[in-house]
>>> print(open('run-v5.cif').read())   # mmCIF, C-alpha atoms and all ligand atoms
data_model
loop_
_atom_site.label_atom_id
_atom_site.label_comp_id
_atom_site.auth_asym_id
_atom_site.auth_seq_id
_atom_site.Cartn_x
_atom_site.Cartn_y
_atom_site.Cartn_z
CA MET A 1 -44.38 -93.76 57.78
CA THR A 2 -43.20 -91.78 54.80
CA ILE A 3 -40.56 -93.89 53.13
CA GLU A 4 -38.40 -91.83 50.79
CA ARG A 5 -35.18 -92.19 48.86
CA THR A 6 -32.49 -89.55 48.68
CA LEU A 7 -29.26 -89.11 46.78
CA ILE A 8 -26.19 -88.66 48.95
CA LEU A 9 -22.81 -87.79 47.49
CA ILE A 10 -19.59 -88.04 49.43
CA LYS A 11 -17.64 -85.32 47.72
CA PRO A 12 -13.98 -85.57 46.64
CA ASP A 13 -12.75 -84.09 49.96
CA GLY A 14 -14.60 -86.79 51.92
CA VAL A 15 -13.25 -89.60 49.75
CA LYS A 16 -9.67 -88.20 49.81
CA ARG A 17 -9.77 -87.87 53.58
CA ARG A 18 -11.02 -91.49 53.90
CA LEU A 19 -14.23 -90.41 55.62
CA THR A 20 -16.54 -92.54 53.45
CA GLY A 21 -16.96 -95.22 56.12
CA GLN A 22 -17.60 -92.73 58.93
CA ILE A 23 -20.17 -90.83 56.89
CA ILE A 24 -22.04 -93.98 55.83
CA ALA A 25 -21.91 -95.24 59.42
CA ARG A 26 -23.79 -92.10 60.52
CA VAL A 27 -26.42 -92.66 57.84
CA GLU A 28 -26.91 -96.27 58.91
CA ALA A 29 -26.87 -95.44 62.62
CA LYS A 30 -29.77 -93.06 62.03
CA GLY A 31 -31.75 -96.02 60.68
CA TYR A 32 -31.49 -95.43 56.95
CA ASP A 33 -30.80 -98.22 54.48
CA VAL A 34 -28.08 -97.96 51.86
CA VAL A 35 -29.81 -99.35 48.78
CA GLU A 36 -27.20 -98.44 46.14
CA LEU A 37 -23.60 -97.35 46.48
CA LYS A 38 -20.81 -96.73 43.97
CA GLN A 39 -17.62 -94.76 43.58
CA VAL A 40 -17.45 -92.71 40.41
CA HIS A 41 -15.27 -90.05 38.85
CA ALA A 42 -17.98 -87.72 37.58
CA THR A 43 -17.92 -86.13 34.15
CA ARG A 44 -18.57 -82.45 33.53
CA GLU A 45 -21.83 -83.37 31.72
CA LEU A 46 -23.09 -85.28 34.74
CA LEU A 47 -22.22 -82.44 37.12
CA GLU A 48 -23.81 -79.84 34.87
CA ALA A 49 -27.03 -81.83 35.03
CA HIS A 50 -26.73 -82.37 38.78
CA TYR A 51 -26.04 -78.69 39.61
CA GLU A 52 -28.45 -77.28 37.00
CA GLU A 53 -30.14 -75.03 39.59
CA HIS A 54 -26.83 -73.27 40.35
CA VAL A 55 -25.82 -72.36 36.77
CA GLY A 56 -24.76 -68.71 36.64
CA LYS A 57 -24.05 -68.35 40.38
CA PRO A 58 -20.55 -67.13 41.28
CA PHE A 59 -19.65 -70.41 43.00
CA TYR A 60 -20.90 -72.63 40.15
CA GLU A 61 -17.66 -73.06 38.18
CA PRO A 62 -15.40 -73.59 41.24
CA LEU A 63 -17.98 -76.07 42.53
CA VAL A 64 -17.97 -78.12 39.32
CA GLU A 65 -14.13 -77.99 39.16
CA PHE A 66 -13.94 -79.22 42.74
CA MET A 67 -16.38 -82.05 42.05
CA LEU A 68 -14.17 -83.07 39.09
CA SER A 69 -11.03 -83.12 41.24
CA GLY A 70 -11.41 -86.73 42.38
CA PRO A 71 -13.81 -89.62 42.77
CA VAL A 72 -17.08 -89.25 44.65
CA VAL A 73 -19.18 -91.91 46.33
CA ALA A 74 -22.83 -91.88 45.28
CA VAL A 75 -25.37 -93.46 47.62
CA ILE A 76 -29.09 -93.97 47.47
CA ALA A 77 -30.38 -94.04 51.03
CA GLU A 78 -33.90 -95.03 51.98
CA GLY A 79 -35.96 -94.49 55.09
CA HIS A 80 -38.66 -92.50 56.86
CA ASN A 81 -38.27 -88.81 55.91
CA VAL A 82 -34.71 -89.50 54.78
CA ILE A 83 -34.56 -86.39 52.56
CA THR A 84 -34.97 -83.97 55.46
CA GLY A 85 -33.30 -86.36 57.89
CA PHE A 86 -30.08 -86.62 55.92
CA ARG A 87 -29.86 -82.85 55.42
CA SER A 88 -30.21 -82.50 59.16
CA LEU A 89 -27.42 -85.07 59.71
CA ALA A 90 -25.24 -83.22 57.16
CA GLY A 91 -25.63 -79.81 58.80
CA THR A 92 -25.81 -76.40 57.15
CA THR A 93 -23.87 -75.69 53.96
CA ASP A 94 -20.87 -73.89 55.48
CA PRO A 95 -18.78 -76.19 57.72
CA THR A 96 -17.60 -73.17 59.72
CA THR A 97 -21.07 -72.67 61.18
CA ALA A 98 -22.57 -76.17 60.78
CA ALA A 99 -23.66 -77.39 64.21
CA PRO A 100 -21.47 -79.78 66.20
CA GLY A 101 -22.94 -83.28 65.93
CA THR A 102 -23.48 -82.93 62.18
CA ILE A 103 -21.25 -84.39 59.46
CA ARG A 104 -20.14 -80.96 58.25
CA GLY A 105 -19.91 -79.55 61.78
CA ASP A 106 -17.83 -82.42 63.17
CA LEU A 107 -15.76 -83.49 60.18
CA GLY A 108 -15.68 -80.43 57.89
CA ARG A 109 -12.15 -79.11 58.25
CA ASP A 110 -12.09 -75.44 59.05
CA TRP A 111 -8.75 -74.25 57.77
CA GLY A 112 -9.84 -71.68 55.26
CA LEU A 113 -11.20 -74.15 52.75
CA LYS A 114 -13.82 -73.08 50.27
CA VAL A 115 -17.49 -73.62 51.17
CA GLN A 116 -17.88 -76.21 48.39
CA GLN A 117 -15.51 -78.50 50.30
CA ASN A 118 -18.24 -79.50 52.68
CA LEU A 119 -17.98 -83.29 52.41
CA VAL A 120 -21.48 -84.25 51.33
CA HIS A 121 -24.45 -83.51 49.14
CA GLY A 122 -28.03 -84.48 49.97
CA SER A 123 -31.12 -83.97 47.82
CA ASP A 124 -33.37 -81.20 49.13
CA SER A 125 -36.85 -82.36 48.04
CA VAL A 126 -38.72 -85.35 46.66
CA GLU A 127 -38.48 -83.81 43.17
CA SER A 128 -34.70 -83.25 43.38
CA ALA A 129 -34.17 -86.72 44.85
CA THR A 130 -35.99 -88.33 41.91
CA ARG A 131 -34.13 -86.16 39.42
CA GLU A 132 -30.69 -86.68 41.00
CA ILE A 133 -31.10 -90.43 41.45
CA GLY A 134 -31.94 -90.59 37.74
CA ILE A 135 -28.73 -88.72 36.91
CA TRP A 136 -26.33 -90.72 39.09
CA PHE A 137 -27.98 -94.13 38.76
CA ALA A 138 -29.25 -93.95 35.19
P1 LIG B 201 -26.33 -77.59 49.97
O1 LIG B 201 -25.18 -78.48 49.51
O2 LIG B 201 -26.25 -77.33 51.43
O3 LIG B 201 -27.67 -78.06 49.48
P2 LIG B 201 -26.53 -75.56 47.90
O4 LIG B 201 -27.38 -76.53 47.14
O5 LIG B 201 -27.05 -74.21 48.13
O6 LIG B 201 -26.07 -76.16 49.30
O7 LIG B 201 -25.14 -75.37 47.12
C1 LIG B 201 -24.51 -76.47 46.51
C2 LIG B 201 -23.04 -76.46 46.88
O8 LIG B 201 -22.43 -75.28 46.36
C3 LIG B 201 -22.79 -76.40 48.37
O9 LIG B 201 -22.74 -77.67 48.95
C4 LIG B 201 -21.46 -75.72 48.45
C5 LIG B 201 -21.48 -74.78 47.29
N1 LIG B 201 -21.89 -73.43 47.70
C6 LIG B 201 -23.13 -73.03 48.04
N2 LIG B 201 -23.15 -71.74 48.38
C7 LIG B 201 -21.86 -71.30 48.24
C8 LIG B 201 -21.20 -70.07 48.42
N3 LIG B 201 -21.87 -68.98 48.83
N4 LIG B 201 -19.86 -70.01 48.17
C9 LIG B 201 -19.18 -71.08 47.75
N5 LIG B 201 -19.74 -72.30 47.56
C10 LIG B 201 -21.06 -72.40 47.80
MG MG B 202 -28.35 -78.27 47.50
#
>>> encode(input="run-v5.cif", output="structure tokens", more="lines below")
Ligand code: DAT
Ligand code: MG
Amino acid sequence: MTIERTLILIKPDGVKRRLTGQIIARVEAKGYDVVELKQVHATRELLEAHYEEHVGKPFYEPLVEFMLSGPVVAVIAEGHNVITGFRSLAGTTDPTTAAPGTIRGDLGRDWGLKVQQNLVHGSDSVESATREIGIWFA
């Protein structure tokens, strides 16, 4: 067993569309534990720290603006290989092509929305999980 923790964010589109329960239900159904959970309206400072790796990319500013547009739900989930496992549950970044059966593939509305409106964030490595958990649950 490799027990890990990951940071999951339900982005403003997920919260607005009242999908928080459905998304968390999928995480729990997969066998992961929710160890911390809170709803927060992020600050720009927090998002700049969280999305540090994307500074300077063309989608960076629209992404931060979108993340500021409403509350997000921050979750620490724990379980065997949860970092990779949650990213697999979430599906690929663009909801248009995310596989059916995934959160983004099943629930990501495909009506010409921007790619950043893809419902969830999940840490992509042990290092990012540790860093991101420290940012959101300081
Ligand atoms: P992921 O969320 O799948 O880890 P990422 O870390 O590469 O993707 O990017 C962070 C977020 O930025 C992503 O969830 C949506 C947005 N994004 C990524 N690539 C984009 C692009 N080409 N155009 C618009 N938004 C993008
Ligand atoms: Mg990422």
>>> axis_aligned_box(input="run-v5.cif", around="ligand LIG 201 (chain B)", padding_each_side="8 Å", output="AutoDock Vina command-line options")
--center_x -23.4 --center_y -73.7 --center_z 48.9 --size_x 24.5 --size_y 25.5 --size_z 21.1
>>> closest_atom_pairs(input="run-v5.cif", of="chain A", to="ligand LIG 201 (chain B)", cutoff="9 Å", atoms="all atoms listed in the file", output="CSV")
residue,atom,partner,partner_atom,distance
A:Tyr51,CA,B:LIG201,C1,7.4
A:Glu53,CA,B:LIG201,O4,8.2
A:His54,CA,B:LIG201,O7,7.3
A:Lys57,CA,B:LIG201,C7,8.7
A:Pro58,CA,B:LIG201,N4,7.5
A:Phe59,CA,B:LIG201,C9,4.8
A:Tyr60,CA,B:LIG201,O8,6.9
A:Pro62,CA,B:LIG201,N5,7.8
A:Leu63,CA,B:LIG201,O8,5.9
A:Val64,CA,B:LIG201,O8,8.8
A:Arg87,CA,B:LIG201,O2,7.7
A:Ala90,CA,B:LIG201,O2,8.3
A:Gly91,CA,B:LIG201,O2,7.8
A:Thr92,CA,B:LIG201,O2,5.8
A:Thr93,CA,B:LIG201,O2,3.8
A:Asp94,CA,B:LIG201,C4,7.3
A:Lys114,CA,B:LIG201,C9,6.3
A:Val115,CA,B:LIG201,N5,4.5
A:Gln116,CA,B:LIG201,C4,3.6
A:Gln117,CA,B:LIG201,C4,6.8
A:Asn118,CA,B:LIG201,O9,6.1
A:Leu119,CA,B:LIG201,O9,8.1
A:Val120,CA,B:LIG201,O1,7.1
A:His121,CA,B:LIG201,O1,5.1
A:Gly122,CA,B:LIG201,O3,6.4
A:Ser123,CA,B:LIG201,O3,7.0
A:Asp124,CA,B:LIG201,O3,6.5
>>> residues_around(input="run-v5.cif", residues="Val15 in chain A", least_positions_apart="5", cutoff="12 Å", atoms="all atoms listed in the file", output="MDAnalysis selection string")
chainID A and resid 9:10 20:24 38:41 67 69:74 117:120
>>> atom_distance(input="run-v5.cif", atom1="CA of Lys11 in chain A", atom2="CA of Arg26 in chain A")
15.7 Å
>>> closest_residue(input="run-v5.cif", among="A:Glu4, A:Glu78, A:Asp13, A:Glu61", to="Glu28 in chain A", atoms="all atoms listed in the file")
A:Glu78
>>> atom_distance(input="run-v5.cif", atom1="CA of Lys16 in chain A", atom2="CA of Gly85 in chain A")
25.0 Å
>>> atom_distance(input="run-v5.cif", atom1="CA of Ser125 in chain A", atom2="CA of Ile8 in chain A")
12.4 Å
>>> closest_residue(input="run-v5.cif", among="A:Ile135, A:Leu68, A:Ile3, A:Leu19", to="Thr43 in chain A", atoms="all atoms listed in the file")
A:Leu68
>>> residues_near_point(input="run-v5.cif", point="(-34.8, -93.2, 53.0)", cutoff="12 Å", atoms="all atoms listed in the file", output="PyMOL selection string")
chain A and resi 1-8+27-28+30-36+75-87+122-123+126+129
>>> closest_residue(input="run-v5.cif", among="A:Leu37, A:Ala98, A:Leu47, A:Ile133", to="Asp110 in chain A", atoms="all atoms listed in the file")
A:Ala98
>>> closest_residue(input="run-v5.cif", among="A:Arg44, A:Arg17, A:Arg104, A:His50", to="ligand MG 202 (chain B)", atoms="only C-alpha atoms and all ligand atoms")
A:His50
>>> closest_residue(input="run-v5.cif", among="A:Pro100, A:Glu52, A:Leu46, A:Leu89", to="ligand MG 202 (chain B)", atoms="only C-alpha atoms and all ligand atoms")
A:Glu52
>>> closest_residue(input="run-v5.cif", among="A:Phe137, A:Glu45, A:Glu132, A:Ile103", to="ligand MG 202 (chain B)", atoms="all atoms listed in the file")
A:Glu132
